[in-house]
>>> print(open('model.txt').read())   # compact mmCIF, C-alpha atoms
# COMPACT_ATOMS: atom_id res chain seq x y z
CA MET M 1 0.00 0.00 0.00
CA PHE M 2 1.32 3.44 -0.98
CA ARG M 3 0.11 6.11 1.45
CA LEU M 4 0.06 9.10 -0.87
CA THR M 5 -1.26 11.63 1.64
CA GLN M 6 1.27 10.53 4.25
CA TYR M 7 4.19 11.25 1.91
CA MET M 8 2.69 14.57 0.88
CA HIS M 9 2.81 15.51 4.57
CA GLN M 10 6.53 14.74 4.56
CA LEU M 11 7.09 17.44 1.94
CA ILE M 12 5.79 20.17 4.23
CA HIS M 13 6.07 18.68 7.74
CA PRO M 14 9.13 16.39 7.66
CA THR M 15 9.61 13.80 10.39
CA PRO M 16 12.55 11.47 11.11
CA VAL M 17 12.87 8.40 8.91
CA VAL M 18 11.93 5.14 10.62
CA ARG M 19 13.38 2.07 8.94
CA ARG M 20 11.97 -1.43 8.98
CA GLY M 21 13.62 -4.02 11.14
CA ARG M 22 15.57 -6.94 9.75
CA PRO M 23 13.37 -9.16 7.52
CA GLY M 24 13.26 -11.96 10.08
CA THR M 25 11.96 -9.61 12.77
CA VAL M 26 9.21 -7.82 10.84
CA LYS M 27 5.70 -8.85 11.88
CA PRO M 28 3.18 -8.71 9.02
CA VAL M 29 -0.22 -7.15 8.68
CA VAL M 30 -2.45 -10.21 8.25
CA ILE M 31 -5.35 -10.15 5.82
CA TRP M 32 -7.58 -13.06 6.77
CA ASN M 33 -10.19 -14.15 4.24
CA LEU M 34 -12.67 -15.70 6.63
CA THR M 35 -14.91 -17.20 3.94
CA ARG M 36 -15.49 -17.35 0.19
CA THR M 37 -19.24 -17.01 0.69
CA CYS M 38 -20.46 -13.67 -0.65
CA ASN M 39 -23.77 -12.13 -1.66
CA LEU M 40 -22.14 -10.44 -4.69
CA LYS M 41 -20.26 -11.85 -7.68
CA CYS M 42 -17.66 -9.26 -8.60
CA ARG M 43 -15.92 -9.51 -11.98
CA HIS M 44 -12.43 -9.02 -10.50
CA CYS M 45 -12.84 -11.01 -7.26
CA TYR M 46 -9.44 -12.48 -6.38
CA THR M 47 -11.02 -15.19 -4.18
CA VAL M 48 -13.63 -16.25 -6.82
CA SER M 49 -16.35 -15.97 -4.18
CA SER M 50 -20.09 -16.53 -4.66
CA ASP M 51 -23.30 -16.98 -2.74
CA HIS M 52 -23.01 -20.53 -1.42
CA VAL M 53 -21.15 -22.42 1.31
CA PHE M 54 -17.72 -23.74 0.34
CA PRO M 55 -16.38 -26.98 1.84
CA GLY M 56 -13.14 -27.14 3.78
CA GLU M 57 -13.24 -23.74 5.43
CA LEU M 58 -11.89 -23.42 8.97
CA THR M 59 -14.14 -24.62 11.76
CA HIS M 60 -15.07 -22.32 14.61
CA ASP M 61 -12.48 -23.89 16.92
CA GLN M 62 -9.75 -23.73 14.26
CA ALA M 63 -10.53 -20.06 13.59
CA MET M 64 -10.41 -19.25 17.29
CA GLY M 65 -7.02 -20.94 17.47
CA VAL M 66 -5.76 -18.74 14.63
CA LEU M 67 -6.81 -15.65 16.56
CA GLU M 68 -4.95 -16.82 19.67
CA ASP M 69 -1.79 -17.47 17.66
CA LEU M 70 -1.89 -14.14 15.80
CA SER M 71 -2.37 -12.30 19.08
CA ALA M 72 0.55 -14.10 20.74
CA PHE M 73 2.68 -13.40 17.63
CA ARG M 74 1.95 -9.68 18.10
CA ILE M 75 1.06 -8.81 14.53
CA PRO M 76 0.57 -5.05 14.03
CA ALA M 77 -2.85 -5.30 12.36
CA LEU M 78 -5.54 -7.82 11.50
CA ILE M 79 -7.92 -7.29 8.60
CA LEU M 80 -11.02 -9.51 8.52
CA SER M 81 -12.02 -10.01 4.90
CA GLY M 82 -13.82 -12.45 2.59
CA GLY M 83 -15.72 -13.17 0.32
CA GLU M 84 -18.08 -11.19 2.47
CA PRO M 85 -16.86 -11.70 6.05
CA LEU M 86 -20.28 -10.94 7.55
CA SER M 87 -21.54 -14.02 5.65
CA ARG M 88 -19.49 -16.37 7.84
CA PHE M 89 -21.65 -18.20 10.37
CA ASP M 90 -19.56 -17.15 13.38
CA PHE M 91 -18.31 -13.76 12.20
CA TRP M 92 -19.55 -11.84 15.24
CA ASP M 93 -18.02 -14.36 17.64
CA LEU M 94 -14.66 -14.11 15.87
CA ALA M 95 -14.79 -10.32 15.75
CA ARG M 96 -15.63 -10.13 19.44
CA ARG M 97 -12.75 -12.44 20.34
CA ALA M 98 -10.37 -10.45 18.14
CA ARG M 99 -11.35 -7.28 20.01
CA ASP M 100 -10.93 -9.01 23.39
CA LEU M 101 -7.43 -10.08 22.35
CA ASP M 102 -6.66 -6.38 21.84
CA PHE M 103 -5.03 -6.41 18.41
CA ARG M 104 -3.25 -3.12 17.89
CA HIS M 105 -5.34 -2.43 14.79
CA LEU M 106 -8.50 -4.34 13.83
CA SER M 107 -10.14 -3.66 10.46
CA LEU M 108 -13.08 -4.97 8.49
CA SER M 109 -12.97 -5.33 4.70
CA THR M 110 -16.51 -5.67 3.33
CA ASN M 111 -18.71 -4.96 0.34
CA GLY M 112 -20.83 -2.90 2.72
CA THR M 113 -24.20 -4.14 1.53
CA MET M 114 -25.06 -5.79 4.86
CA LEU M 115 -24.10 -2.76 6.95
CA GLY M 116 -27.18 -0.76 5.97
CA ASP M 117 -29.01 -2.95 8.49
CA PRO M 118 -28.96 -0.81 11.66
CA GLY M 119 -28.38 -3.90 13.79
CA ALA M 120 -25.22 -4.84 11.88
CA ALA M 121 -23.90 -1.29 11.92
CA ASP M 122 -24.58 -1.06 15.66
CA ARG M 123 -22.56 -4.24 16.28
CA VAL M 124 -19.65 -3.01 14.16
CA ALA M 125 -19.58 0.24 16.12
CA ALA M 126 -19.90 -1.54 19.47
CA LEU M 127 -16.98 -3.82 18.67
CA GLY M 128 -14.80 -0.79 18.05
CA PHE M 129 -13.33 -1.67 14.67
CA ASP M 130 -10.54 0.79 13.99
CA TYR M 131 -11.48 0.96 10.31
CA VAL M 132 -14.10 -0.35 7.89
CA GLY M 133 -13.17 -0.53 4.21
CA ILE M 134 -16.13 -0.71 1.81
CA SER M 135 -15.71 -1.62 -1.86
CA LEU M 136 -17.33 0.33 -4.68
CA ASP M 137 -16.35 0.14 -8.35
CA GLY M 138 -18.06 3.22 -9.70
CA ILE M 139 -21.29 5.11 -9.35
CA GLY M 140 -24.75 3.52 -9.62
CA ALA M 141 -25.24 1.06 -12.47
CA THR M 142 -21.53 0.81 -13.26
CA ASN M 143 -20.82 -0.46 -9.76
CA ASP M 144 -23.75 -2.87 -9.98
CA TRP M 145 -22.44 -4.27 -13.30
CA PHE M 146 -19.00 -4.86 -11.76
CA ARG M 147 -20.52 -6.33 -8.62
CA GLY M 148 -23.01 -8.52 -10.46
CA VAL M 149 -26.06 -7.53 -8.40
CA GLU M 150 -28.58 -4.77 -9.05
CA GLY M 151 -28.86 -2.39 -6.11
CA ALA M 152 -25.36 -3.15 -4.79
CA PHE M 153 -24.35 0.54 -5.02
CA ASP M 154 -27.32 1.83 -3.04
CA ASN M 155 -26.92 -0.88 -0.39
CA ALA M 156 -23.18 -0.25 0.01
CA LEU M 157 -23.72 3.50 0.24
CA ALA M 158 -26.31 2.86 2.97
CA GLY M 159 -23.61 0.88 4.76
CA VAL M 160 -21.17 3.81 4.47
CA ARG M 161 -23.73 6.19 5.92
CA ALA M 162 -24.70 3.83 8.74
CA CYS M 163 -21.07 3.49 9.82
CA LYS M 164 -20.36 7.21 9.59
CA ALA M 165 -23.50 7.96 11.62
CA ARG M 166 -22.08 5.78 14.40
CA GLY M 167 -18.63 7.37 14.39
CA VAL M 168 -16.86 4.49 12.62
CA LYS M 169 -13.87 5.41 10.44
CA VAL M 170 -14.77 4.43 6.86
CA GLY M 171 -12.83 4.12 3.63
CA LEU M 172 -13.94 3.47 0.06
CA ARG M 173 -11.97 0.93 -1.99
CA TYR M 174 -12.09 1.18 -5.77
CA THR M 175 -10.39 -1.09 -8.32
CA ILE M 176 -9.68 0.91 -11.46
CA THR M 177 -10.10 -0.72 -14.88
CA ARG M 178 -10.83 0.44 -18.42
CA ASP M 179 -14.56 0.17 -17.76
CA ASN M 180 -14.80 2.40 -14.72
CA ALA M 181 -11.84 4.81 -14.92
CA HIS M 182 -14.15 7.63 -15.98
CA HIS M 183 -15.87 7.34 -12.58
CA LEU M 184 -12.74 8.24 -10.62
CA PRO M 185 -13.56 11.99 -10.26
CA ALA M 186 -17.09 11.13 -9.14
CA MET M 187 -15.75 8.59 -6.63
CA LEU M 188 -13.54 11.27 -5.08
CA ASP M 189 -16.50 13.67 -5.03
CA LEU M 190 -18.55 10.99 -3.27
CA CYS M 191 -15.89 10.68 -0.57
CA GLU M 192 -16.03 14.42 0.04
CA ALA M 193 -19.82 14.50 0.08
CA GLU M 194 -20.19 11.57 2.49
CA GLY M 195 -17.34 12.52 4.82
CA VAL M 196 -15.41 9.34 3.97
CA ASP M 197 -12.09 9.20 5.80
CA LYS M 198 -9.98 7.32 3.26
CA PHE M 199 -10.00 6.58 -0.48
CA TYR M 200 -8.10 3.50 -1.61
CA LEU M 201 -7.44 3.07 -5.32
CA SER M 202 -6.47 -0.50 -6.19
CA HIS M 203 -4.80 -1.36 -9.46
CA LEU M 204 -6.00 -4.61 -11.04
CA VAL M 205 -4.07 -7.74 -10.09
CA TYR M 206 -4.22 -10.81 -12.32
CA ALA M 207 -5.57 -13.23 -9.72
CA GLY M 208 -8.87 -15.07 -9.30
CA ARG M 209 -11.53 -13.64 -11.60
CA GLY M 210 -9.25 -10.62 -12.01
CA ASP M 211 -6.89 -12.80 -14.05
CA LYS M 212 -9.67 -13.55 -16.53
CA HIS M 213 -10.32 -9.83 -16.97
CA ARG M 214 -6.74 -8.65 -17.39
CA ALA M 215 -7.73 -7.23 -20.82
CA GLU M 216 -9.70 -4.61 -18.90
CA ASP M 217 -6.60 -3.41 -17.07
CA GLN M 218 -5.65 0.21 -17.53
CA ASP M 219 -3.51 1.29 -20.46
CA HIS M 220 -0.38 2.93 -19.09
CA ASP M 221 -1.30 6.44 -20.25
CA HIS M 222 -4.67 6.17 -18.52
CA THR M 223 -3.00 5.00 -15.31
CA ARG M 224 -0.73 8.05 -15.40
CA ARG M 225 -3.72 10.34 -15.82
CA ALA M 226 -5.52 8.65 -12.95
CA MET M 227 -2.50 9.10 -10.70
CA ASP M 228 -2.20 12.76 -11.72
CA LEU M 229 -5.81 13.28 -10.67
CA LEU M 230 -5.26 11.51 -7.34
CA ILE M 231 -2.19 13.61 -6.61
CA GLU M 232 -4.04 16.79 -7.56
CA ARG M 233 -7.01 15.96 -5.36
CA GLY M 234 -4.82 14.72 -2.52
CA TRP M 235 -2.74 17.89 -2.53
CA ASP M 236 -5.86 20.04 -2.67
CA ALA M 237 -7.39 18.20 0.31
CA LEU M 238 -4.16 18.56 2.28
CA SER M 239 -3.81 22.25 1.41
CA ARG M 240 -7.40 22.97 2.50
CA GLY M 241 -7.10 20.96 5.69
CA ARG M 242 -9.63 18.36 4.52
CA PRO M 243 -9.49 15.01 6.33
CA LEU M 244 -9.61 12.71 3.25
CA GLU M 245 -6.61 10.38 3.13
CA ILE M 246 -5.66 8.90 -0.26
CA VAL M 247 -3.79 5.63 -0.63
CA THR M 248 -3.16 3.27 -3.54
CA GLY M 249 -2.44 -0.43 -3.74
CA ASN M 250 -1.07 -3.15 -6.01
CA ASN M 251 1.18 -0.91 -8.09
CA ASP M 252 4.17 0.31 -6.13
CA ALA M 253 5.33 2.30 -9.16
CA ASP M 254 2.86 4.88 -7.81
CA ALA M 255 5.55 5.90 -5.31
CA VAL M 256 8.00 6.58 -8.12
CA TRP M 257 5.40 8.57 -10.07
CA PHE M 258 4.77 10.68 -6.97
CA LEU M 259 8.50 11.19 -6.40
CA ARG M 260 8.94 12.42 -9.98
CA TRP M 261 5.98 14.81 -9.39
CA ALA M 262 7.68 16.14 -6.26
CA GLU M 263 10.96 16.64 -8.12
CA ARG M 264 9.27 19.15 -10.42
CA ARG M 265 7.78 21.21 -7.60
CA PHE M 266 9.88 21.09 -4.44
CA HIS M 267 13.38 21.84 -3.27
CA PRO M 268 15.83 18.94 -3.78
CA GLU M 269 16.33 18.60 -0.02
CA ALA M 270 12.61 18.04 0.51
CA VAL M 271 12.51 15.51 -2.31
CA ALA M 272 15.57 13.69 -0.93
CA HIS M 273 13.85 13.50 2.46
CA VAL M 274 10.74 11.96 0.93
CA ARG M 275 12.85 9.48 -1.02
CA ASP M 276 14.56 8.44 2.22
CA HIS M 277 11.11 7.71 3.68
CA LEU M 278 10.10 5.76 0.59
CA VAL M 279 13.29 3.69 0.65
CA ALA M 280 12.69 2.94 4.34
CA TRP M 281 9.18 1.79 3.40
CA GLY M 282 10.69 -0.36 0.66
CA GLY M 283 7.73 -0.69 -1.69
CA ASN M 284 6.07 -4.03 -2.31
CA SER M 285 5.75 -5.92 0.95
CA SER M 286 4.46 -9.34 -0.12
CA GLY M 287 5.91 -12.00 2.15
CA LEU M 288 7.44 -9.42 4.48
CA GLY M 289 5.08 -6.76 5.83
CA VAL M 290 1.86 -8.40 4.65
CA ALA M 291 0.54 -11.96 4.81
CA ASN M 292 -2.66 -13.76 3.96
CA ILE M 293 -4.66 -16.61 5.45
CA ASP M 294 -7.33 -17.94 3.10
CA PRO M 295 -10.70 -19.44 4.11
CA GLN M 296 -9.26 -22.98 4.22
CA GLY M 297 -6.40 -21.88 6.45
CA LYS M 298 -3.67 -21.80 3.82
CA VAL M 299 -0.96 -19.18 4.32
CA HIS M 300 0.15 -17.05 1.35
CA PRO M 301 2.68 -14.21 0.82
CA ASP M 302 -0.30 -11.92 0.23
CA THR M 303 -3.92 -12.14 -0.87
CA TYR M 304 -3.12 -12.49 -4.58
CA TRP M 305 -0.67 -15.39 -4.26
CA SER M 306 -3.41 -18.00 -3.97
CA ASP M 307 -1.50 -20.44 -6.20
CA TYR M 308 1.49 -20.44 -3.83
CA THR M 309 0.97 -21.83 -0.34
CA VAL M 310 3.48 -21.51 2.49
CA GLY M 311 1.56 -24.00 4.66
CA SER M 312 -1.75 -24.55 6.43
CA VAL M 313 -2.82 -23.41 9.88
CA LYS M 314 -4.67 -26.71 10.13
CA GLU M 315 -1.24 -28.36 10.43
CA LYS M 316 0.69 -25.84 12.53
CA PRO M 317 0.25 -22.20 13.63
CA PHE M 318 0.67 -19.25 11.27
CA SER M 319 3.53 -17.90 13.38
CA GLN M 320 5.58 -21.06 12.78
CA TRP M 321 4.99 -21.02 9.03
CA TRP M 322 5.90 -17.33 8.83
CA THR M 323 9.17 -17.73 10.71
CA GLY M 324 10.16 -21.01 9.05
CA ASP M 325 12.55 -21.71 6.20
CA ASN M 326 10.35 -21.06 3.20
CA PRO M 327 12.41 -20.30 0.06
CA MET M 328 9.83 -18.03 -1.60
CA LEU M 329 9.35 -15.96 1.55
CA ALA M 330 13.11 -15.71 1.95
CA THR M 331 13.52 -14.39 -1.60
CA LEU M 332 10.58 -11.99 -1.36
CA ARG M 333 12.22 -10.54 1.77
CA THR M 334 15.56 -10.06 0.03
CA ARG M 335 16.53 -6.48 -0.76
CA PRO M 336 17.18 -5.98 -3.56
CA ARG M 337 15.09 -8.80 -4.95
CA PRO M 338 16.53 -10.79 -7.91
CA LEU M 339 14.59 -8.73 -10.44
CA LYS M 340 14.95 -9.01 -14.21
CA GLY M 341 14.25 -6.83 -17.25
CA ARG M 342 13.29 -3.23 -16.63
CA CYS M 343 12.61 -3.90 -12.95
CA GLY M 344 16.14 -5.22 -12.48
CA ALA M 345 17.68 -2.19 -14.21
CA CYS M 346 15.36 0.39 -12.59
CA ALA M 347 16.98 3.22 -10.64
CA PHE M 348 14.03 3.21 -8.22
CA LYS M 349 13.81 -0.45 -7.27
CA ASP M 350 14.77 0.51 -3.71
CA VAL M 351 11.60 2.64 -3.69
CA CYS M 352 9.04 0.26 -5.23
CA GLY M 353 10.68 -3.06 -4.28
CA GLY M 354 10.07 -4.49 -7.73
CA ASN M 355 6.33 -3.78 -7.70
CA THR M 356 3.73 -6.57 -7.75
CA ARG M 357 5.48 -9.87 -8.39
CA ILE M 358 2.30 -11.88 -8.92
CA ARG M 359 1.53 -10.01 -12.17
CA ALA M 360 4.94 -11.01 -13.56
CA LEU M 361 4.34 -14.59 -12.45
CA GLN M 362 0.89 -14.78 -14.02
CA LEU M 363 2.06 -13.35 -17.32
CA THR M 364 5.46 -14.97 -17.75
CA GLY M 365 5.69 -17.84 -15.27
CA ASP M 366 8.65 -16.07 -13.62
CA PRO M 367 7.98 -14.13 -10.40
CA TRP M 368 11.15 -12.07 -10.92
CA ALA M 369 10.38 -10.83 -14.43
CA GLU M 370 9.44 -7.20 -14.94
CA ASP M 371 5.98 -6.11 -13.82
CA PRO M 372 3.90 -5.37 -16.95
CA ALA M 373 1.84 -2.79 -15.04
CA CYS M 374 4.76 -0.40 -14.45
CA TYR M 375 3.58 2.65 -16.37
CA LEU M 376 6.74 4.78 -16.24
CA SER M 377 8.94 5.12 -19.31
CA ASN M 378 12.53 3.89 -19.50
CA ALA M 379 13.77 7.47 -19.20
CA GLU M 380 11.63 8.07 -16.10
CA ILE M 381 13.10 5.09 -14.26
CA GLY M 382 16.70 5.65 -15.40
CA VAL M 383 16.87 2.74 -17.83
CA ASP M 384 18.93 3.46 -20.93
CA ASP M 385 19.00 0.20 -22.82
CA VAL M 386 17.64 -3.05 -21.48
CA ASP M 387 16.25 -6.15 -23.15
CA ARG M 388 12.52 -5.95 -22.57
CA LEU M 389 10.29 -8.95 -22.12
CA ALA M 390 7.48 -9.33 -24.63
CA VAL M 391 5.05 -7.41 -22.42
CA THR M 392 2.78 -4.61 -23.60
CA PRO M 393 -0.16 -2.81 -22.01
CA PHE M 394 -3.47 -4.61 -22.42
CA ARG M 395 -6.09 -2.93 -24.58
CA GLY M 396 -9.35 -4.76 -24.09
CA LYS M 397 -12.70 -3.70 -25.47
CA SER M 398 -14.77 -1.57 -23.12
CA HIS M 399 -18.21 -2.84 -22.10
CA ASP M 400 -19.45 0.68 -21.38
CA PRO M 401 -20.65 2.51 -24.51
CA ALA M 402 -20.18 5.84 -22.74
CA HIS M 403 -16.62 4.90 -21.83
CA ARG M 404 -14.13 7.74 -21.70
CA PHE M 405 -11.29 8.82 -19.47
CA PHE M 406 -11.99 11.96 -17.48
>>> encode(input="model.txt", output="structure tokens")
Amino acid sequence: MFRLTQYMHQLIHPTPVVRRGRPGTVKPVVIWNLTRTCNLKCRHCYTVSSDHVFPGELTHDQAMGVLEDLSAFRIPALILSGGEPLSRFDFWDLARRARDLDFRHLSLSTNGTMLGDPGAADRVAALGFDYVGISLDGIGATNDWFRGVEGAFDNALAGVRACKARGVKVGLRYTITRDNAHHLPAMLDLCEAEGVDKFYLSHLVYAGRGDKHRAEDQDHDHTRRAMDLLIERGWDALSRGRPLEIVTGNNDADAVWFLRWAERRFHPEAVAHVRDHLVAWGGNSSGLGVANIDPQGKVHPDTYWSDYTVGSVKEKPFSQWWTGDNPMLATLRTRPRPLKGRCGACAFKDVCGGNTRIRALQLTGDPWAEDPACYLSNAEIGVDDVDRLAVTPFRGKSHDPAHRFF
């Protein structure tokens, strides 16, 4: 995750750089997909969820054991996700136990459609979730087309309003593709109008149903324009003292794009300070600062690495898998990573960490190949002459006849 607003603050209110600990000592944020059951059927769902019960998911006792282990391991944050996590039969019991165990940061990742029910919103507020992230993929009918259910937009917006009315910190999550990019300005306007605390723009990752729709990924020029708009709106919110925080995910090249923006506008010392912070952050954190447990208890380097399993919590605790001798985890934690192509030659690989490795793996079969979603030119990343892989931006046909970009 690239915290755009946070690094904008560093340009005007610099703070000391805090570096990560040694790879073996870093505790990850854990994203736990509690279930694949979901009342929606989103086109880009990375867990391929749907509205029925899936066999093999963790039992209540197994799930409680996971919570005990994660608490004892002292992870910095736990995100309860799905599918739709509220669809799990014992969700409220698990959430209550997680709060009793006093995780430093407890979040809920949901499609929001069930939170319009006052009873559900009351329980979320009473449990004291630190943050609720609600997914929307555009305004009105566009969101409903992506989400596969008519009325999904209105129901999710009701969930946003119910949480805000109860003082719960709420963020909107939006996955940008060719078919909804023109809704980005309206999504940011919606955040302002509803008093949303955070806007999270996710770039498409080729996993789950998202892999089948990679042709709808953004062309590089459109991604650049989207990032320009985010930076413009983020800087405007910061300058006016507005509370909206903007973050992006699944394309760590965003940090480099922001750094190049800062280079054109700020004193070199301020830019160097921000770069120091970005290097300390280190970019992509799969297998290091983030981990995933799927509904069946399998441990992955992050939520999109579903085809690579470190181990299962049904066999031994997460903490033991995460601190064991897994070769993929060891290599993901290496800095610099053994990157190839443009990523290997990039002058900013200490900033982005090689970007999202799963896209390279899905497209080439090699997790260390260049990331095809890096949208910066060779000149912008300091690459003079490097043998490129046969990777080009995808240009799929839009399903929206009114499709345009801003």
>>> atom_distance(input="model.txt", atom1="atom CA of His105 of chain M", atom2="atom CA of Ala77 of chain M")
4.5 Å
>>> closest_residue(input="model.txt", among="M:Leu67, M:Leu108, M:Met8, M:Val160", to="Val274 of chain M", atoms="only C-alpha atoms")
M:Met8
>>> residues_around(input="model.txt", residues="Ala379 of chain M", least_positions_apart="2", cutoff="12 Å", atoms="all atoms listed in the file", output="number ranges by chain")
M: 260, 342, 345-348, 375-377, 381-386
>>> residues_near_point(input="model.txt", point="(-25.0, -0.8, -7.8)", cutoff="8 Å", atoms="all atoms listed in the file", output="list in words")
Ile139, Gly140, Ala141, Thr142, Asn143, Asp144, Trp145, Arg147, Val149, Glu150, Gly151, Ala152, Phe153, Asp154 and Asn155 of chain M
>>> closest_residue(input="model.txt", among="M:Tyr174, M:Phe258, M:Phe73, M:Phe91", to="Asn111 of chain M", atoms="only C-alpha atoms")
M:Tyr174
>>> closest_residue(input="model.txt", among="M:Leu172, M:Ser202, M:Asp189, M:Ala156", to="His44 of chain M", atoms="all atoms listed in the file")
M:Ser202
>>> residues_around(input="model.txt", residues="segment 276-282 of chain M", least_positions_apart="6", cutoff="7 Å", atoms="only C-alpha atoms", output="PyMOL selection string")
chain M and resi 17-20+350-353
>>> write_last_selection(input="model.txt", atoms="C-alpha atoms", output="compact mmCIF listing (two decimals), keeping the file's coordinate frame")
# COMPACT_ATOMS: atom_id res chain seq x y z
CA VAL M 17 12.87 8.40 8.91
CA VAL M 18 11.93 5.14 10.62
CA ARG M 19 13.38 2.07 8.94
CA ARG M 20 11.97 -1.43 8.98
CA ASP M 350 14.77 0.51 -3.71
CA VAL M 351 11.60 2.64 -3.69
CA CYS M 352 9.04 0.26 -5.23
CA GLY M 353 10.68 -3.06 -4.28
>>> atom_distance(input="model.txt", atom1="atom CA of Arg99 of chain M", atom2="atom CA of Phe54 of chain M")
26.4 Å
>>> closest_residue(input="model.txt", among="M:Gly128, M:Gly287, M:Gly148, M:Gly234", to="Arg104 of chain M", atoms="all atoms listed in the file")
M:Gly128
>>> closest_residue(input="model.txt", among="M:Arg357, M:Cys163, M:Ile75, M:Pro55", to="Thr25 of chain M", atoms="only C-alpha atoms")
M:Ile75
>>> atom_distance(input="model.txt", atom1="atom CA of Gly297 of chain M", atom2="atom CA of Ala98 of chain M")
16.8 Å
>>> residues_around(input="model.txt", residues="Asp236 of chain M", least_positions_apart="4", cutoff="12 Å", atoms="only C-alpha atoms", output="MDAnalysis selection string")
chainID M and resid 5 8 188 192 229:232 240:246
>>> closest_residue(input="model.txt", among="M:Gly24, M:Gly249, M:Pro16, M:Gly311", to="Thr323 of chain M", atoms="all atoms listed in the file")
M:Gly24
>>> residues_around(input="model.txt", residues="Ala72 of chain M", least_positions_apart="4", cutoff="10 Å", atoms="all atoms listed in the file", output="PyMOL selection string")
chain M and resi 66-68+101+103+319
>>> decode(input="model.txt", residues="segment 126-139 of chain M", atoms="N, CA and C atoms", output="compact mmCIF listing (two decimals), in the first residue's frame")
# COMPACT_ATOMS: atom_id res chain seq x y z
N ALA M 126 -20.11 -1.08 18.09
CA ALA M 126 -19.90 -1.54 19.47
C ALA M 126 -18.61 -2.32 19.63
N LEU M 127 -18.23 -3.06 18.60
CA LEU M 127 -16.98 -3.82 18.67
C LEU M 127 -15.76 -2.94 18.57
N GLY M 128 -15.93 -1.73 18.10
CA GLY M 128 -14.80 -0.79 18.05
C GLY M 128 -13.79 -1.09 16.96
N PHE M 129 -14.25 -1.51 15.78
CA PHE M 129 -13.33 -1.67 14.67
C PHE M 129 -12.60 -0.34 14.43
N ASP M 130 -11.31 -0.42 14.24
CA ASP M 130 -10.54 0.79 13.99
C ASP M 130 -10.83 1.37 12.61
N TYR M 131 -11.27 0.51 11.68
CA TYR M 131 -11.48 0.96 10.31
C TYR M 131 -12.37 -0.03 9.60
N VAL M 132 -13.28 0.49 8.75
CA VAL M 132 -14.10 -0.35 7.89
C VAL M 132 -13.88 0.09 6.45
N GLY M 133 -13.37 -0.81 5.62
CA GLY M 133 -13.17 -0.53 4.21
C GLY M 133 -14.31 -1.12 3.41
N ILE M 134 -14.97 -0.29 2.60
CA ILE M 134 -16.13 -0.71 1.81
C ILE M 134 -15.81 -0.55 0.33
N SER M 135 -16.08 -1.59 -0.45
CA SER M 135 -15.71 -1.62 -1.86
C SER M 135 -16.83 -1.08 -2.75
N LEU M 136 -16.45 -0.16 -3.63
CA LEU M 136 -17.33 0.33 -4.68
C LEU M 136 -16.49 0.42 -5.96
N ASP M 137 -17.09 0.12 -7.09
CA ASP M 137 -16.35 0.14 -8.35
C ASP M 137 -16.95 1.11 -9.36
N GLY M 138 -17.46 2.21 -8.85
CA GLY M 138 -18.06 3.22 -9.70
C GLY M 138 -19.37 3.68 -9.10
N ILE M 139 -20.05 4.53 -9.82
CA ILE M 139 -21.29 5.11 -9.35
C ILE M 139 -22.48 4.37 -9.97
